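Source file: run-v4.cif (mmCIF, C-alpha atoms)
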data_target
loop_
_atom_site.group_PDB
_atom_site.id
_atom_site.type_symbol
_atom_site.label_atom_id
_atom_site.label_comp_id
_atom_site.auth_asym_id
_atom_site.auth_seq_id
_atom_site.Cartn_x
_atom_site.Cartn_y
_atom_site.Cartn_z
ATOM 1 C CA MET A 1 -9.473 -17.493 -21.134
ATOM 2 C CA PRO A 2 -7.149 -16.447 -18.274
ATOM 3 C CA PRO A 3 -4.788 -13.527 -18.891
ATOM 4 C CA ARG A 4 -1.282 -14.388 -20.079
ATOM 5 C CA LYS A 5 1.583 -14.113 -17.635
ATOM 6 C CA ARG A 6 4.323 -11.593 -18.266
ATOM 7 C CA LYS A 7 7.687 -12.898 -19.358
ATOM 8 C CA GLY A 8 9.777 -13.836 -16.318
ATOM 9 C CA GLU A 9 6.810 -13.875 -13.932
ATOM 10 C CA PRO A 10 6.909 -16.767 -11.438
ATOM 11 C CA VAL A 11 4.417 -19.409 -12.519
ATOM 12 C CA GLY A 12 1.896 -21.366 -10.502
ATOM 13 C CA TRP A 13 -0.277 -20.404 -7.593
ATOM 14 C CA GLN A 14 1.767 -18.615 -4.956
ATOM 15 C CA GLY A 15 -0.791 -17.870 -2.226
ATOM 16 C CA LEU A 16 0.688 -15.734 0.530
ATOM 17 C CA TYR A 17 4.168 -17.133 0.078
ATOM 18 C CA ASN A 18 7.336 -15.286 -0.817
ATOM 19 C CA THR A 19 9.332 -16.423 -3.826
ATOM 20 C CA ALA A 20 12.956 -15.833 -4.702
ATOM 21 C CA PRO A 21 13.396 -13.000 -7.214
ATOM 22 C CA VAL A 22 14.053 -13.763 -10.862
ATOM 23 C CA LEU A 23 15.554 -11.392 -13.416
ATOM 24 C CA GLY A 24 13.103 -9.896 -15.845
ATOM 25 C CA GLN A 25 12.495 -6.838 -17.949
ATOM 26 C CA CYS A 26 10.067 -3.996 -17.306
ATOM 27 C CA GLN A 27 7.367 -3.965 -19.959
ATOM 28 C CA ASP A 28 7.195 -0.155 -19.951
ATOM 29 C CA CYS A 29 10.796 1.116 -19.819
ATOM 30 C CA ARG A 30 12.717 -2.087 -20.750
ATOM 31 C CA ALA A 31 14.923 -1.849 -17.648
ATOM 32 C CA THR A 32 16.337 -4.986 -16.036
ATOM 33 C CA ILE A 33 14.397 -5.667 -12.833
ATOM 34 C CA PHE A 34 13.649 -8.391 -10.301
ATOM 35 C CA LEU A 35 10.243 -10.081 -10.303
ATOM 36 C CA ALA A 36 8.965 -11.834 -7.185
ATOM 37 C CA HIS A 37 5.922 -12.606 -5.087
ATOM 38 C CA ILE A 38 6.216 -10.901 -1.698
ATOM 39 C CA ASP A 39 3.506 -11.500 0.909
ATOM 40 C CA GLY A 40 1.288 -12.808 -1.876
ATOM 41 C CA LEU A 41 1.721 -9.713 -4.090
ATOM 42 C CA TYR A 42 3.527 -9.708 -7.420
ATOM 43 C CA GLU A 43 6.237 -7.037 -7.162
ATOM 44 C CA ARG A 44 8.682 -5.457 -9.608
ATOM 45 C CA LEU A 45 11.939 -4.408 -7.907
ATOM 46 C CA ASP A 46 15.010 -2.394 -8.839
ATOM 47 C CA PRO A 47 18.166 -4.530 -8.542
ATOM 48 C CA THR A 48 20.320 -1.595 -7.337
ATOM 49 C CA PRO A 49 21.280 -1.866 -3.635
ATOM 50 C CA LEU A 50 20.445 1.188 -1.530
ATOM 51 C CA THR A 51 22.289 2.969 1.261
ATOM 52 C CA GLN A 52 20.528 4.361 4.331
ATOM 53 C CA LEU A 53 20.012 7.648 2.481
ATOM 54 C CA GLY A 54 18.590 5.775 -0.516
ATOM 55 C CA GLU A 55 16.172 3.902 1.717
ATOM 56 C CA THR A 56 15.063 7.176 3.279
ATOM 57 C CA VAL A 57 14.441 8.675 -0.166
ATOM 58 C CA ALA A 58 12.453 5.591 -1.178
ATOM 59 C CA TRP A 59 10.262 5.844 1.933
ATOM 60 C CA LEU A 60 9.719 9.578 1.367
ATOM 61 C CA GLN A 61 8.606 8.816 -2.199
ATOM 62 C CA GLY A 62 6.120 6.289 -0.826
ATOM 63 C CA ASP A 63 7.923 3.134 -1.987
ATOM 64 C CA ARG A 64 8.411 0.023 0.106
ATOM 65 C CA THR A 65 11.887 -1.381 0.607
ATOM 66 C CA PHE A 66 12.940 -5.005 0.981
ATOM 67 C CA LEU A 67 15.862 -6.939 2.428
ATOM 68 C CA TRP A 68 17.450 -9.447 0.054
ATOM 69 C CA THR A 69 19.932 -11.798 1.714
ATOM 70 C CA GLY A 70 21.321 -13.423 -1.418
ATOM 71 C CA LEU A 71 20.739 -15.553 -4.474
ATOM 72 C CA HIS A 72 17.906 -18.107 -4.317
ATOM 73 C CA THR A 73 16.541 -16.560 -1.132
ATOM 74 C CA LYS A 74 13.341 -14.746 -0.446
ATOM 75 C CA LEU A 75 12.792 -11.031 0.052
ATOM 76 C CA PHE A 76 11.566 -9.598 3.324
ATOM 77 C CA ARG A 77 9.685 -6.319 3.649
ATOM 78 C CA ARG A 78 11.443 -3.612 5.679
ATOM 79 C CA THR A 79 9.109 -1.999 8.184
ATOM 80 C CA THR A 80 9.631 0.956 10.488
ATOM 81 C CA TYR A 81 10.511 -1.509 13.249
ATOM 82 C CA THR A 82 13.169 -3.341 11.208
ATOM 83 C CA ILE A 83 14.651 -0.048 10.019
ATOM 84 C CA ARG A 84 14.819 1.263 13.592
ATOM 85 C CA THR A 85 16.356 -1.904 15.054
ATOM 86 C CA GLN A 86 18.684 -2.689 12.142
ATOM 87 C CA PRO A 87 19.329 0.442 10.035
ATOM 88 C CA VAL A 88 22.174 -1.256 8.188
ATOM 89 C CA PRO A 89 21.497 -4.956 7.557
ATOM 90 C CA ILE A 90 24.152 -7.347 8.843
ATOM 91 C CA THR A 91 23.720 -9.595 5.810
ATOM 92 C CA GLY A 92 22.132 -8.791 2.491
ATOM 93 C CA VAL A 93 21.192 -5.591 0.702
ATOM 94 C CA VAL A 94 18.201 -3.277 0.691
ATOM 95 C CA ILE A 95 16.318 -2.833 -2.595
ATOM 96 C CA ARG A 96 13.165 -0.906 -3.497
ATOM 97 C CA LEU A 97 10.125 -1.162 -5.728
ATOM 98 C CA HIS A 98 10.721 -0.360 -9.386
ATOM 99 C CA ARG A 99 9.496 2.925 -10.783
ATOM 100 C CA CYS A 100 9.949 3.625 -14.469
ATOM 101 C CA GLY A 101 12.295 6.554 -15.103
ATOM 102 C CA ASN A 102 13.411 6.779 -11.469
ATOM 103 C CA GLU A 103 17.124 6.206 -12.135
ATOM 104 C CA ALA A 104 17.964 9.947 -12.097
ATOM 105 C CA ALA A 105 16.354 10.386 -8.670
ATOM 106 C CA LEU A 106 18.575 7.659 -7.214
ATOM 107 C CA THR A 107 21.900 9.160 -8.309
ATOM 108 C CA GLY A 108 24.122 9.437 -5.250
ATOM 109 C CA VAL A 109 21.961 7.317 -2.947
ATOM 110 C CA CYS A 110 22.778 3.869 -4.305
ATOM 111 C CA ALA A 111 25.490 1.789 -2.693
ATOM 112 C CA ALA A 112 27.278 1.387 -6.029
ATOM 113 C CA SER A 113 27.531 5.154 -6.638
ATOM 114 C CA PHE A 114 29.780 5.996 -3.674
ATOM 115 C CA GLU A 115 33.492 6.330 -4.316
ATOM 116 C CA PRO A 116 36.224 7.547 -1.955
ATOM 117 C CA LYS A 117 37.021 11.254 -2.345
ATOM 118 C CA GLU A 118 40.733 10.730 -1.818
ATOM 119 C CA LYS A 119 43.102 7.826 -1.805
ATOM 120 C CA ILE A 120 44.127 6.533 1.591
ATOM 121 C CA ASP A 121 47.806 5.860 2.127
ATOM 122 C CA ALA A 122 48.166 2.634 4.114
ATOM 123 C CA GLU A 123 51.728 3.503 5.148
ATOM 124 C CA ALA A 124 50.928 6.956 6.557
ATOM 125 C CA LYS A 125 50.864 7.507 10.320
ATOM 126 C CA PRO A 126 47.478 8.355 11.800
ATOM 127 C CA ASN A 127 47.222 11.962 12.998
ATOM 128 C CA PHE A 128 45.747 11.264 16.423
#
With the file now loaded, output its structure as structure tokens.
Amino acid sequence: MPPRKRKGEPVGWQGLYNTAPVLGQCQDCRATIFLAHIDGLYERLDPTPLTQLGETVAWLQGDRTFLWTGLHTKLFRRTTYTIRTQPVPITGVVIRLHRCGNEAALTGVCAASFEPKEKIDAEAKPNF
């Protein structure tokens, strides 16, 4: 009898195709994650968008990063070439592989965690 598929896993034979990510839940830590086939491999991904610093931290930890251009679209692996030629994607966001319990390590490097330090007055004259 073939092994059962995890809940939320894309069904059917995928080959070496990429599939659009679907929301799922990590079986180990119960976090909300994306599930997708990327280059024929079944991957679990964190849905939090990363900044350039976050992508650097992910690469230093040995995790791959991916470019996601929007809903119902496929993910593309970020390589050293794509990072060098397009450090900040024109469209889409950069996400990384999911690691259980890695949320504390990402504090301050996710795009959603940056806030302005001071309010900017739109009426003030520039000082240059």
Selection near range 27-36 of chain A, 7 Å with all atoms listed in the file, sequence-local residues under 4 positions removed, as a PyMOL selection string:
chain A and resi 9-10+19-23+42-47+100
Within 12 Å of Trp59 in chain A, counting all atoms listed in the file, which residues qualify if same-chain residues fewer than 5 places away don't, as a PyMOL selection string?
chain A and resi 50+52-54+64-66+78-80+83+95-97
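Candidate residues A:Arg99, A:Val94, A:Pro49, A:Gln25 were compared for distance to Phe76 in chain A, and the nearest is A:Val94, using all atoms listed in the file.
Among the candidate residues A:Trp68, A:Lys74, A:Ala58, A:Cys26, the one lying nearest to Asp39 in chain A is A:Lys74, with distances computed using all atoms listed in the file.
Closest to Leu67 in chain A among A:Thr48, A:Thr91, A:Thr85, A:Asn18 is A:Thr91, based on only C-alpha atoms.
In this structure, CA of His98 in chain A sits 23.4 Å away from CA of Arg84 in chain A.
Atom to atom, CA of Gly62 in chain A and CA of Ile90 in chain A stand 24.6 Å apart.
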Can you work out the spacing between CA of Asp63 in chain A and CA of His37 in chain A in Å, to one decimal?
16.2 Å
